Amino acid sequence: MLLIALPGFLAVFIHVQQQRESAINISRAQARFVVEHSVLHQNILVESTRKYLKLLADSPFVKKPSDPSCSAYLASILELNPDYVNLGVPRYDGRLYCNALPLEKPVSVADRGYFQRTIQNHEFAIGEYQLDRAAEVVSVNFSYPVFKDDGTIAGAVVAVVALTWWNDYLAKSGLPRDSIAVITDAEGFIVANYPSSTDKIGKREKLLHQNTLAANNPIMIDVDGIRRVYFTADLYTTPAGRTITMSIGVPVEDEIAAASRQLYMSLMLMSGVMFLVLFIAIKGLRDGILQPLAQLTRATRLLSQGRFSDVEVTSAAAEIKELHTQFKGMAQKRLCAEQQALERNEELNSVFKALPDLYFRLDEHGIILDFKADKESDLYLAPDVFLNKPMTEVMPENVDMANHLGQLQQLIEPVSWEYSLTFPEGEKFFEARLNRISGTSQFILVVRNISDKKQAEASLELSSMVFHSISEGILVTDIDGLIVEANPAFTKITGYRTDELLGQTPAILKSGYHDQAFYESIWHQLDTEGFWEGEIYDKRKNGEVFPQWLTINTVYDNDDKPYRRIAMFIDFTEKKRAEEVIWQQAHMDILTGLPNRKLFGDRIHQELEHTDRSGLPTAILFLDLDMFKEVNDTLGHAMGDQLLVQVAARISKCVRSVDTVARQGGDEFAIILSQVKNMHVVNAICEELLNSLAMPYQLGDEDEAAYITASIGITFYPDDATNVGDLIKSADQAMYAAKERGRNCFQYFTREMQQEAVQRMQLIADMRRAITEHQFVLYYQPLVLLEDRSINKAEALIRWRHPEKGLVMPDEFIPTAEESHQILAIGSWVLEEATKTVLMLQQKYDADFQLSVNISPVQFESLDSNISSWLEQLGSLALSGQSVVAEITEGMMMSGSDEIREKMIAFKTAGVQVALDDFGTGYSSLAYISEYDIDYLKIDQYFVKNLSLRSDAYTLCKAIIVMAHNLGIKVIAEGVETEQQHRLLLELGCDFGQGYLYSRPVKLGDFEQLLHDRRQQK
């Protein structure tokens, strides 16, 4: 009787335990839901603050924090947003001039961590718990960098959020009674809690039980004696890795107590029933049941030991005899099953031993440092056979181990390959995977049998199918289409209860979205193939139509006839919405609403396919606005955006409905003209585009108008190129050719453009290699004192020893180097090499020796040039600034940029003298000569070449020399090749001469020999 009642007790206990676990899981899910909802909500709040500050950072008022109008502007903005208690704009040094609230005393935030991170990293930052110095409230601050128009950091715009913001959110989050919650900043300070306790704010005190976050203890008894389940998540993480965290504990006392009460009541009831039945039936049970059961028990014990002994139960009740018969059959089946399982287990062990994995640990040269394998493996050998041997001796000859190691040096992903080995039982194929051990120069090589891999993949796929079926809606119908079962996920998704579905057909879910032919095709495929899957729109009980991915399978009976239909579906309503938003963001330009670069690329591929089928060419147009930067610089980026929107609208009106207009980025647009039947169509569209875009643009106020033009490059498929990449390059080259023609025109692509572009790219690549392989060399040409032909000055001239072209002169590569900014690296090398050379020449020949170096305008204008570090190098070598003369051009002076002025001032401060090269061929502005404090003027060789006693060149040279001397500037004449030129320049009072008459540019060794010979002559 006890055995009969025991399952009842066990069932009651399991049922109550399941209810208890269900209640706890509900509380756990509630805590998880509140935290995840809070994470989503707070991410939105923090992200909106970031975007809000980014918008403020672009305001012209904020860019000028010292202007009084800035504070008034922030005060008006603060009234519109109650989430913030203050707004301010500290300058880059931390001093707060612009503030929405009146400042009663000077305030500096230079020591605040969030401000330092924003200024140093140029990014959005979140502060920690603090007392705001301007608003004088306990707060958490957010900051975003503010840049000047020239791109330098001006300061940061700061939003002050009172901690009541967090507390109010927790109070309104609907937490259950006795729940506790805490929000901490990146430093561990408590910024908000629930229930609200002001004495905890700003402290690192642990509000929760010390084991609250233990992974293996989901239910904890806290310091207040209440058991709770907890969930913790990060509310927000900045790009710098600083995190705001939220933890919530939900009580489970009531659920546990209710489950315990139900357990006690059920056990008491079962006990009473058991004792009553036991009292009535004890006699009959003893003779007819208990004794036979004891015999069966002994037989069961033997069966558990793997043996079977039959027993006699002749005097037992009929039920016991039936039980004996069933037991006997079960025992025989079990013993048979155990034998089969044992045999299967031995078989599997044999398979596992026959398919082992091998492990090798290699050093950077491929030498085996360690080896492991099962001794029964096909590939097993004693470790001393492998250790300290190169892996190339282990792998087959057709495996290029050195190449694989080299690939891993360049790639992040592991390198894998397959190979085969021959065993006595035949050839086997293996897969080898090579990967680097992080933080070391060693590698791991794992050799794996491919069949095991396939088996593991099949097992993983099966596990994935089982897992996903849990969350899918499942509907089961009979062969007549009547619903016989539906799982909870199905009822949750559709809104129908199971009792409402039973006996109905799936037609109850019809949405009207599909026609009858659609459903007939489904049934036709089910009848012929037994399977169908696809996207379908159904209707919930509340009438809402939703998309789903539906899979229908047919279950067959033993006669291979259809027995059941099983439908599984996934509701992806939110996925559809998200896909639509993501598609818009990924394929459309936000400002103009036109297709972006990605969608433009897809459209090009489609059009090329159309062209291949129809034979009609496709035209690609690249359109770039002329002088658009001036609109942004003068009217502001907001007006520039308005202009771009109007440009997009005008372009769209000029093309046909079958054409595509896209924005490539910035002020560049692209157009696809489909099915072009003749050139007149392209010409007409381009002319209409130029005329339309040249019309005035009304921006902002009605009186504010802007004027721009456009340059258009045109290329055709398949005439000009046969793939998308080459088409885009061709259109871009044609567009730049249109700009070089004077802008406001269109230009068709030609093969000459392609050849020039290829040559230019090759030149750039060669220059990069030349920098790393030290192919550049300096030649030196003396600057001779005309009075006695002595040499204490020289000019350093760069040459390129090209491995294929030989010695390349600077006029062949310097213009391209300046355009590609390779001149920065080249110029840096020239300055450093010249510094070393002049130091050597001063030590060996003349302590006052001076070396001239040509400096490109790009070096002056670029923020990345290392001119400042070069000046420091002069000081570190104990060289005076007068040891070097910087040669510049007139064009560079005319640019008048702040970077050039600052570097010129740095030159003059360091004592470096400045020479103005090629004077007389450019602007020849006396104002700039005076402003930049020029030390030398170099008369261009054009004038020296034509110099004779009564020539215009003689008069011009005389005027230049007299003017320069009156300004205290010395004069150098370039291109002196004859004695007559030397004599005439000396008569005119010219100070120095440079040219082939004295020496060609020579290598350093030859130049030293020249200096040595001059000393010997003296």
# chains A, B, ... in the order shown; residues from 1 in each chain; ligands from 1
call {"tool": "residues_around", "arguments": {"residues": "Glu704 of chain A", "least_positions_apart": "3", "cutoff": "12 Å", "atoms": "only C-alpha atoms", "output": "number ranges by chain"}}
result
A: 631, 634-635, 639, 642-643, 696-701, 707
call {"tool": "select_by_dssp", "arguments": {"residues": "segment 389-508 of chain A", "states": "strand (DSSP E or B)", "output": "short mmCIF file (atom, residue, chain, number, x, y, z; two decimals) with N, CA and C atoms, in the first residue's frame"}}
result
data_model
loop_
_atom_site.label_atom_id
_atom_site.label_comp_id
_atom_site.auth_asym_id
_atom_site.auth_seq_id
_atom_site.Cartn_x
_atom_site.Cartn_y
_atom_site.Cartn_z
N PRO A 390 60.65 20.36 -36.77
CA PRO A 390 59.81 21.29 -37.55
C PRO A 390 58.54 20.60 -38.03
N VAL A 415 43.90 30.11 -39.90
CA VAL A 415 44.19 29.54 -41.22
C VAL A 415 43.89 28.04 -41.17
N SER A 416 43.16 27.55 -42.14
CA SER A 416 42.81 26.13 -42.15
C SER A 416 43.08 25.54 -43.53
N TRP A 417 43.33 24.25 -43.56
CA TRP A 417 43.53 23.54 -44.82
C TRP A 417 43.22 22.06 -44.59
N GLU A 418 43.07 21.37 -45.67
CA GLU A 418 42.79 19.95 -45.60
C GLU A 418 43.94 19.19 -46.26
N TYR A 419 44.16 17.99 -45.76
CA TYR A 419 45.19 17.15 -46.35
C TYR A 419 44.83 15.69 -46.09
N SER A 420 45.53 14.80 -46.71
CA SER A 420 45.24 13.37 -46.57
C SER A 420 46.48 12.62 -46.15
N LEU A 421 46.24 11.50 -45.45
CA LEU A 421 47.33 10.61 -45.05
C LEU A 421 46.93 9.17 -45.39
N THR A 422 47.90 8.38 -45.67
CA THR A 422 47.65 6.98 -46.02
C THR A 422 47.97 6.09 -44.82
N PHE A 423 46.98 5.28 -44.42
CA PHE A 423 47.12 4.33 -43.32
C PHE A 423 47.07 2.92 -43.90
N GLY A 426 43.89 2.35 -45.40
CA GLY A 426 43.51 3.20 -46.53
C GLY A 426 43.81 4.67 -46.27
N GLU A 427 43.41 5.53 -47.20
CA GLU A 427 43.66 6.97 -47.11
C GLU A 427 42.56 7.65 -46.30
N LYS A 428 42.96 8.58 -45.44
CA LYS A 428 42.02 9.36 -44.63
C LYS A 428 42.30 10.84 -44.84
N PHE A 429 41.23 11.63 -44.72
CA PHE A 429 41.33 13.07 -44.94
C PHE A 429 41.14 13.79 -43.61
N PHE A 430 41.95 14.81 -43.42
CA PHE A 430 41.93 15.55 -42.16
C PHE A 430 41.87 17.04 -42.44
N GLU A 431 41.40 17.76 -41.44
CA GLU A 431 41.38 19.22 -41.50
C GLU A 431 42.31 19.76 -40.43
N ALA A 432 43.19 20.67 -40.82
CA ALA A 432 44.12 21.30 -39.89
C ALA A 432 43.74 22.76 -39.73
N ARG A 433 43.72 23.23 -38.48
CA ARG A 433 43.41 24.64 -38.19
C ARG A 433 44.55 25.22 -37.37
N LEU A 434 45.10 26.30 -37.91
CA LEU A 434 46.26 26.95 -37.29
C LEU A 434 45.83 28.31 -36.75
N ASN A 435 46.16 28.58 -35.49
CA ASN A 435 45.78 29.86 -34.88
C ASN A 435 46.89 30.31 -33.94
N ARG A 436 46.96 31.61 -33.76
CA ARG A 436 47.97 32.19 -32.86
C ARG A 436 47.47 32.16 -31.42
N PHE A 443 51.92 29.19 -31.77
CA PHE A 443 50.73 28.83 -32.53
C PHE A 443 50.18 27.51 -32.00
N ILE A 444 48.88 27.32 -32.24
CA ILE A 444 48.22 26.06 -31.94
C ILE A 444 47.79 25.44 -33.27
N LEU A 445 48.11 24.17 -33.47
CA LEU A 445 47.70 23.43 -34.66
C LEU A 445 46.88 22.23 -34.19
N VAL A 446 45.63 22.18 -34.62
CA VAL A 446 44.74 21.08 -34.27
C VAL A 446 44.40 20.32 -35.55
N VAL A 447 44.65 19.01 -35.52
CA VAL A 447 44.33 18.15 -36.65
C VAL A 447 43.08 17.36 -36.30
N ARG A 448 42.09 17.44 -37.12
CA ARG A 448 40.79 16.86 -36.81
C ARG A 448 40.29 16.05 -38.00
N ASN A 449 39.68 14.91 -37.68
CA ASN A 449 39.06 14.09 -38.71
C ASN A 449 37.79 14.77 -39.20
N GLY A 473 5.16 29.16 -32.87
CA GLY A 473 3.78 28.75 -32.77
C GLY A 473 3.58 27.44 -33.53
N ILE A 474 2.91 26.49 -32.89
CA ILE A 474 2.73 25.16 -33.50
C ILE A 474 1.24 24.85 -33.55
N LEU A 475 0.77 24.40 -34.71
CA LEU A 475 -0.62 24.04 -34.92
C LEU A 475 -0.66 22.66 -35.59
N VAL A 476 -1.50 21.75 -35.03
CA VAL A 476 -1.62 20.39 -35.55
C VAL A 476 -3.04 20.18 -36.05
N THR A 477 -3.18 19.70 -37.28
CA THR A 477 -4.50 19.39 -37.83
C THR A 477 -4.52 17.94 -38.28
N ASP A 478 -5.77 17.39 -38.40
CA ASP A 478 -5.88 16.06 -38.97
C ASP A 478 -5.85 16.17 -40.49
N ILE A 483 -8.39 21.42 -36.69
CA ILE A 483 -7.36 21.66 -35.68
C ILE A 483 -7.56 20.71 -34.51
N VAL A 484 -6.50 19.97 -34.15
CA VAL A 484 -6.57 19.04 -33.03
C VAL A 484 -5.68 19.48 -31.87
N GLU A 485 -4.71 20.40 -32.09
CA GLU A 485 -3.85 20.85 -31.00
C GLU A 485 -3.15 22.16 -31.40
N ALA A 486 -2.86 22.98 -30.41
CA ALA A 486 -2.08 24.21 -30.61
C ALA A 486 -1.28 24.47 -29.35
#
call {"tool": "residues_around", "arguments": {"residues": "Glu529 of chain A", "least_positions_apart": "5", "cutoff": "10 Å", "atoms": "only C-alpha atoms", "output": "mmCIF file with N, CA and C atoms, in the first residue's frame"}}
result
data_model
loop_
_atom_site.group_PDB
_atom_site.id
_atom_site.type_symbol
_atom_site.label_atom_id
_atom_site.label_comp_id
_atom_site.auth_asym_id
_atom_site.auth_seq_id
_atom_site.Cartn_x
_atom_site.Cartn_y
_atom_site.Cartn_z
ATOM 1 N N TRP A 523 -1.894 23.987 -50.850
ATOM 2 C CA TRP A 523 -2.469 22.639 -50.727
ATOM 3 C C TRP A 523 -1.950 21.708 -51.815
ATOM 4 N N HIS A 524 -1.709 22.252 -52.995
ATOM 5 C CA HIS A 524 -1.188 21.415 -54.073
ATOM 6 C C HIS A 524 0.208 20.890 -53.711
ATOM 7 N N ASN A 553 4.588 20.656 -42.367
ATOM 8 C CA ASN A 553 5.090 19.325 -42.664
ATOM 9 C C ASN A 553 3.948 18.315 -42.537
ATOM 10 N N THR A 554 4.027 17.248 -43.291
ATOM 11 C CA THR A 554 3.026 16.177 -43.246
ATOM 12 C C THR A 554 3.611 14.965 -42.535
#
call {"tool": "atom_distance", "arguments": {"atom1": "atom CA of Glu520 of chain A", "atom2": "atom CA of Pro506 of chain A"}}
result
13.7 Å
call {"tool": "residues_around", "arguments": {"residues": "Glu974 of chain A", "least_positions_apart": "3", "cutoff": "9 Å", "atoms": "only C-alpha atoms", "output": "compact mmCIF listing (two decimals) with N, CA and C atoms, in the first residue's frame"}}
result
# COMPACT_ATOMS: atom_id res chain seq x y z
N ASP A 918 62.25 81.78 -56.64
CA ASP A 918 61.65 82.12 -57.94
C ASP A 918 61.00 83.48 -57.93
N LYS A 938 65.53 85.13 -54.22
CA LYS A 938 66.21 84.37 -55.26
C LYS A 938 65.62 84.77 -56.61
N ILE A 939 66.46 85.43 -57.43
CA ILE A 939 66.01 85.87 -58.76
C ILE A 939 65.88 84.62 -59.64
N ASP A 940 64.72 84.47 -60.26
CA ASP A 940 64.47 83.28 -61.07
C ASP A 940 65.44 83.22 -62.25
N GLN A 941 65.81 81.98 -62.62
CA GLN A 941 66.79 81.79 -63.68
C GLN A 941 66.30 82.30 -65.03
N TYR A 942 64.98 82.55 -65.18
CA TYR A 942 64.47 83.10 -66.44
C TYR A 942 65.10 84.46 -66.72
N PHE A 943 65.24 85.27 -65.68
CA PHE A 943 65.83 86.60 -65.87
C PHE A 943 67.34 86.51 -66.08
N VAL A 944 68.00 85.59 -65.34
CA VAL A 944 69.45 85.46 -65.47
C VAL A 944 69.83 84.92 -66.84
N PHE A 992 74.88 86.66 -54.05
CA PHE A 992 75.26 85.26 -54.24
C PHE A 992 74.79 84.78 -55.60
N GLY A 993 75.47 83.74 -56.11
CA GLY A 993 75.10 83.13 -57.36
C GLY A 993 75.00 81.62 -57.24
N GLN A 994 74.13 81.03 -58.05
CA GLN A 994 73.91 79.58 -58.02
C GLN A 994 73.70 79.11 -59.46
N GLY A 995 74.45 78.11 -59.89
CA GLY A 995 74.26 77.64 -61.25
C GLY A 995 75.38 76.73 -61.69
call {"tool": "residues_around", "arguments": {"residues": "Arg133 of chain A", "least_positions_apart": "6", "cutoff": "9 Å", "atoms": "only C-alpha atoms", "output": "PyMOL selection string"}}
result
chain A and resi 107-109
call {"tool": "atom_distance", "arguments": {"atom1": "atom CA of Asp612 of chain A", "atom2": "atom CA of His587 of chain A"}}
result
25.0 Å
call {"tool": "residues_around", "arguments": {"residues": "Glu533 of chain A", "least_positions_apart": "4", "cutoff": "12 Å", "atoms": "only C-alpha atoms", "output": "mmCIF file with all heavy atoms, in the first residue's frame"}}
result
data_model
loop_
_atom_site.group_PDB
_atom_site.id
_atom_site.type_symbol
_atom_site.label_atom_id
_atom_site.label_comp_id
_atom_site.auth_asym_id
_atom_site.auth_seq_id
_atom_site.Cartn_x
_atom_site.Cartn_y
_atom_site.Cartn_z
ATOM 1 N N SER A 521 -2.215 26.828 -54.155
ATOM 2 C CA SER A 521 -0.845 26.395 -54.445
ATOM 3 C C SER A 521 -0.220 25.730 -53.226
ATOM 4 O O SER A 521 0.569 24.781 -53.354
ATOM 5 C CB SER A 521 0.011 27.588 -54.880
ATOM 6 O OG SER A 521 0.167 28.519 -53.815
ATOM 7 N N ILE A 522 -0.573 26.228 -52.008
ATOM 8 C CA ILE A 522 -0.063 25.604 -50.785
ATOM 9 C C ILE A 522 -0.565 24.166 -50.683
ATOM 10 O O ILE A 522 0.202 23.223 -50.446
ATOM 11 C CB ILE A 522 -0.474 26.421 -49.546
ATOM 12 C CG1 ILE A 522 0.216 27.797 -49.552
ATOM 13 C CG2 ILE A 522 -0.119 25.662 -48.269
ATOM 14 C CD1 ILE A 522 -0.192 28.683 -48.396
ATOM 15 N N TRP A 523 -1.894 23.987 -50.850
ATOM 16 C CA TRP A 523 -2.469 22.639 -50.727
ATOM 17 C C TRP A 523 -1.950 21.708 -51.815
ATOM 18 O O TRP A 523 -1.743 20.508 -51.582
ATOM 19 C CB TRP A 523 -3.999 22.714 -50.766
ATOM 20 C CG TRP A 523 -4.570 23.195 -49.459
ATOM 21 C CD1 TRP A 523 -5.119 24.392 -49.190
ATOM 22 C CD2 TRP A 523 -4.600 22.448 -48.238
ATOM 23 N NE1 TRP A 523 -5.502 24.474 -47.882
ATOM 24 C CE2 TRP A 523 -5.201 23.280 -47.268
ATOM 25 C CE3 TRP A 523 -4.186 21.173 -47.875
ATOM 26 C CZ2 TRP A 523 -5.404 22.867 -45.963
ATOM 27 C CZ3 TRP A 523 -4.386 20.766 -46.558
ATOM 28 C CH2 TRP A 523 -4.977 21.603 -45.619
ATOM 29 N N GLN A 525 1.056 21.752 -53.165
ATOM 30 C CA GLN A 525 2.396 21.323 -52.794
ATOM 31 C C GLN A 525 2.350 20.349 -51.622
ATOM 32 O O GLN A 525 3.132 19.394 -51.570
ATOM 33 C CB GLN A 525 3.267 22.533 -52.447
ATOM 34 C CG GLN A 525 4.723 22.170 -52.161
ATOM 35 C CD GLN A 525 5.606 23.390 -52.030
ATOM 36 O OE1 GLN A 525 5.273 24.453 -52.541
ATOM 37 N NE2 GLN A 525 6.715 23.231 -51.345
ATOM 38 N N LEU A 526 1.422 20.576 -50.664
ATOM 39 C CA LEU A 526 1.302 19.648 -49.550
ATOM 40 C C LEU A 526 0.852 18.269 -50.025
ATOM 41 O O LEU A 526 1.323 17.239 -49.536
ATOM 42 C CB LEU A 526 0.319 20.193 -48.513
ATOM 43 C CG LEU A 526 0.808 21.380 -47.670
ATOM 44 C CD1 LEU A 526 -0.319 21.902 -46.789
ATOM 45 C CD2 LEU A 526 1.997 20.965 -46.809
ATOM 46 N N GLU A 529 4.083 17.003 -52.312
ATOM 47 C CA GLU A 529 5.401 16.896 -51.685
ATOM 48 C C GLU A 529 5.332 16.711 -50.180
ATOM 49 O O GLU A 529 6.331 16.359 -49.545
ATOM 50 C CB GLU A 529 6.237 18.135 -52.007
ATOM 51 C CG GLU A 529 6.434 18.367 -53.494
ATOM 52 C CD GLU A 529 7.235 19.633 -53.771
ATOM 53 O OE1 GLU A 529 7.892 20.115 -52.821
ATOM 54 O OE2 GLU A 529 7.203 20.127 -54.906
ATOM 55 N N GLN A 548 4.222 36.333 -40.913
ATOM 56 C CA GLN A 548 4.844 35.187 -40.254
ATOM 57 C C GLN A 548 5.558 34.354 -41.301
ATOM 58 O O GLN A 548 5.240 34.407 -42.488
ATOM 59 C CB GLN A 548 3.808 34.333 -39.527
ATOM 60 C CG GLN A 548 2.733 33.771 -40.452
ATOM 61 C CD GLN A 548 1.746 32.864 -39.739
ATOM 62 O OE1 GLN A 548 1.874 31.650 -39.815
ATOM 63 N NE2 GLN A 548 0.779 33.467 -39.066
ATOM 64 N N TRP A 549 6.513 33.585 -40.804
ATOM 65 C CA TRP A 549 7.173 32.603 -41.657
ATOM 66 C C TRP A 549 6.625 31.240 -41.262
ATOM 67 O O TRP A 549 6.814 30.770 -40.147
ATOM 68 C CB TRP A 549 8.675 32.645 -41.491
ATOM 69 C CG TRP A 549 9.364 31.709 -42.440
ATOM 70 C CD1 TRP A 549 9.809 30.462 -42.189
ATOM 71 C CD2 TRP A 549 9.646 31.972 -43.821
ATOM 72 N NE1 TRP A 549 10.370 29.918 -43.310
ATOM 73 C CE2 TRP A 549 10.287 30.818 -44.341
ATOM 74 C CE3 TRP A 549 9.431 33.050 -44.679
ATOM 75 C CZ2 TRP A 549 10.707 30.720 -45.653
ATOM 76 C CZ3 TRP A 549 9.844 32.955 -45.977
ATOM 77 C CH2 TRP A 549 10.480 31.803 -46.465
ATOM 78 N N LEU A 550 5.924 30.613 -42.186
ATOM 79 C CA LEU A 550 5.162 29.408 -41.900
ATOM 80 C C LEU A 550 5.832 28.202 -42.556
ATOM 81 O O LEU A 550 6.222 28.244 -43.714
ATOM 82 C CB LEU A 550 3.722 29.563 -42.429
ATOM 83 C CG LEU A 550 2.797 28.348 -42.283
ATOM 84 C CD1 LEU A 550 2.570 28.031 -40.811
ATOM 85 C CD2 LEU A 550 1.467 28.638 -42.972
ATOM 86 N N THR A 551 5.942 27.119 -41.759
ATOM 87 C CA THR A 551 6.457 25.846 -42.267
ATOM 88 C C THR A 551 5.423 24.762 -41.971
ATOM 89 O O THR A 551 4.997 24.609 -40.823
ATOM 90 C CB THR A 551 7.788 25.484 -41.604
ATOM 91 O OG1 THR A 551 8.730 26.524 -41.855
ATOM 92 C CG2 THR A 551 8.332 24.179 -42.161
ATOM 93 N N ILE A 552 5.005 24.026 -42.996
ATOM 94 C CA ILE A 552 4.006 22.964 -42.836
ATOM 95 C C ILE A 552 4.638 21.645 -43.271
ATOM 96 O O ILE A 552 5.180 21.532 -44.372
ATOM 97 C CB ILE A 552 2.744 23.240 -43.675
ATOM 98 C CG1 ILE A 552 2.158 24.630 -43.341
ATOM 99 C CG2 ILE A 552 1.698 22.157 -43.431
ATOM 100 C CD1 ILE A 552 0.976 25.003 -44.199
ATOM 101 N N ASN A 553 4.588 20.656 -42.367
ATOM 102 C CA ASN A 553 5.090 19.325 -42.664
ATOM 103 C C ASN A 553 3.948 18.315 -42.537
ATOM 104 O O ASN A 553 3.018 18.499 -41.739
ATOM 105 C CB ASN A 553 6.216 18.935 -41.701
ATOM 106 C CG ASN A 553 7.521 19.616 -42.074
ATOM 107 O OD1 ASN A 553 8.178 19.250 -43.037
ATOM 108 N ND2 ASN A 553 7.870 20.643 -41.300
ATOM 109 N N THR A 554 4.027 17.248 -43.291
ATOM 110 C CA THR A 554 3.026 16.177 -43.246
ATOM 111 C C THR A 554 3.611 14.965 -42.535
ATOM 112 O O THR A 554 4.745 14.567 -42.820
ATOM 113 C CB THR A 554 2.594 15.786 -44.665
ATOM 114 O OG1 THR A 554 2.081 16.938 -45.331
ATOM 115 C CG2 THR A 554 1.513 14.711 -44.620
ATOM 116 N N ILE A 566 1.490 19.376 -39.487
ATOM 117 C CA ILE A 566 2.075 20.176 -38.398
ATOM 118 C C ILE A 566 2.587 21.482 -38.994
ATOM 119 O O ILE A 566 3.448 21.487 -39.874
ATOM 120 C CB ILE A 566 3.223 19.426 -37.707
ATOM 121 C CG1 ILE A 566 2.710 18.113 -37.119
ATOM 122 C CG2 ILE A 566 3.841 20.292 -36.609
ATOM 123 C CD1 ILE A 566 3.805 17.274 -36.487
ATOM 124 N N ALA A 567 2.025 22.588 -38.488
ATOM 125 C CA ALA A 567 2.412 23.925 -38.967
ATOM 126 C C ALA A 567 3.177 24.642 -37.860
ATOM 127 O O ALA A 567 2.722 24.699 -36.717
ATOM 128 C CB ALA A 567 1.178 24.724 -39.372
ATOM 129 N N MET A 568 4.321 25.152 -38.187
ATOM 130 C CA MET A 568 5.131 25.943 -37.250
ATOM 131 C C MET A 568 5.406 27.299 -37.883
ATOM 132 O O MET A 568 5.746 27.373 -39.059
ATOM 133 C CB MET A 568 6.441 25.225 -36.934
ATOM 134 C CG MET A 568 6.266 23.923 -36.176
ATOM 135 S SD MET A 568 7.848 23.147 -35.769
ATOM 136 C CE MET A 568 8.438 22.726 -37.402
ATOM 137 N N PHE A 569 5.255 28.356 -37.096
ATOM 138 C CA PHE A 569 5.469 29.688 -37.671
ATOM 139 C C PHE A 569 6.141 30.592 -36.654
ATOM 140 O O PHE A 569 6.092 30.368 -35.437
ATOM 141 C CB PHE A 569 4.150 30.312 -38.148
ATOM 142 C CG PHE A 569 3.217 30.719 -37.048
ATOM 143 C CD1 PHE A 569 3.305 31.970 -36.459
ATOM 144 C CD2 PHE A 569 2.240 29.843 -36.602
ATOM 145 C CE1 PHE A 569 2.443 32.344 -35.458
ATOM 146 C CE2 PHE A 569 1.360 30.212 -35.596
ATOM 147 C CZ PHE A 569 1.470 31.474 -35.014
ATOM 148 N N ILE A 570 6.773 31.619 -37.183
ATOM 149 C CA ILE A 570 7.429 32.662 -36.375
ATOM 150 C C ILE A 570 6.789 33.994 -36.737
ATOM 151 O O ILE A 570 6.725 34.369 -37.910
ATOM 152 C CB ILE A 570 8.940 32.722 -36.650
ATOM 153 C CG1 ILE A 570 9.590 31.381 -36.316
ATOM 154 C CG2 ILE A 570 9.591 33.838 -35.852
ATOM 155 C CD1 ILE A 570 11.055 31.317 -36.674
#
call {"tool": "residues_around", "arguments": {"residues": "Gln913 of chain A", "least_positions_apart": "5", "cutoff": "7 Å", "atoms": "only C-alpha atoms", "output": "ChimeraX atom specification"}}
result
/A:882,884-886,908,935
call {"tool": "select_by_dssp", "arguments": {"residues": "segment 146-250 of chain A", "states": "alpha helix (DSSP H)", "output": "list in words"}}
result
Thr164, Trp165, Trp166, Asn167, Asp168, Tyr169, Leu170 and Ala171 of chain A
call {"tool": "closest_residue", "arguments": {"among": "A:Ile119, A:Ile771, A:Ala135, A:Val777", "to": "Asn99 of chain A", "atoms": "only C-alpha atoms"}}
result
A:Ala135
call {"tool": "closest_atom_pairs", "arguments": {"of": "segment 232-262 of chain A", "to": "segment 144-167 of chain A", "cutoff": "12 Å", "atoms": "only C-alpha atoms", "output": "JSON lines"}}
result
{"residue": "A:Leu235", "atom": "CA", "partner": "A:Trp166", "partner_atom": "CA", "distance": 11.5}
{"residue": "A:Thr238", "atom": "CA", "partner": "A:Tyr144", "partner_atom": "CA", "distance": 11.9}
{"residue": "A:Ile244", "atom": "CA", "partner": "A:Trp166", "partner_atom": "CA", "distance": 11.5}
{"residue": "A:Thr245", "atom": "CA", "partner": "A:Trp166", "partner_atom": "CA", "distance": 12.0}
{"residue": "A:Met246", "atom": "CA", "partner": "A:Trp166", "partner_atom": "CA", "distance": 10.7}
call {"tool": "write_last_selection", "arguments": {"atoms": "N, CA and C atoms", "output": "tab-separated table (two decimals), in the first residue's frame"}}
result
chain	number	residue	atom	x	y	z
A	235	LEU	N	22.93	49.92	-17.90
A	235	LEU	CA	21.99	50.88	-18.50
A	235	LEU	C	22.60	51.54	-19.72
A	238	THR	N	29.51	54.18	-22.45
A	238	THR	CA	30.08	55.16	-23.36
A	238	THR	C	31.13	54.51	-24.24
A	244	ILE	N	26.95	52.75	-16.70
A	244	ILE	CA	25.95	52.99	-15.65
A	244	ILE	C	25.15	51.69	-15.51
A	245	THR	N	25.02	51.19	-14.26
A	245	THR	CA	24.47	49.87	-14.01
A	245	THR	C	23.20	49.96	-13.17
A	246	MET	N	22.26	49.05	-13.42
A	246	MET	CA	21.01	48.98	-12.66
A	246	MET	C	20.80	47.56	-12.16
call {"tool": "decode", "arguments": {"residues": "segment 143-148 of chain A", "atoms": "C-alpha atoms", "output": "compact mmCIF listing (two decimals), in the first residue's frame"}}
result
# COMPACT_ATOMS: atom_id res chain seq x y z
CA SER A 143 29.12 66.60 -22.30
CA TYR A 144 29.76 66.77 -26.07
CA PRO A 145 32.72 68.42 -27.84
CA VAL A 146 32.30 71.80 -29.57
CA PHE A 147 34.54 72.46 -32.56
CA LYS A 148 35.47 75.73 -34.17
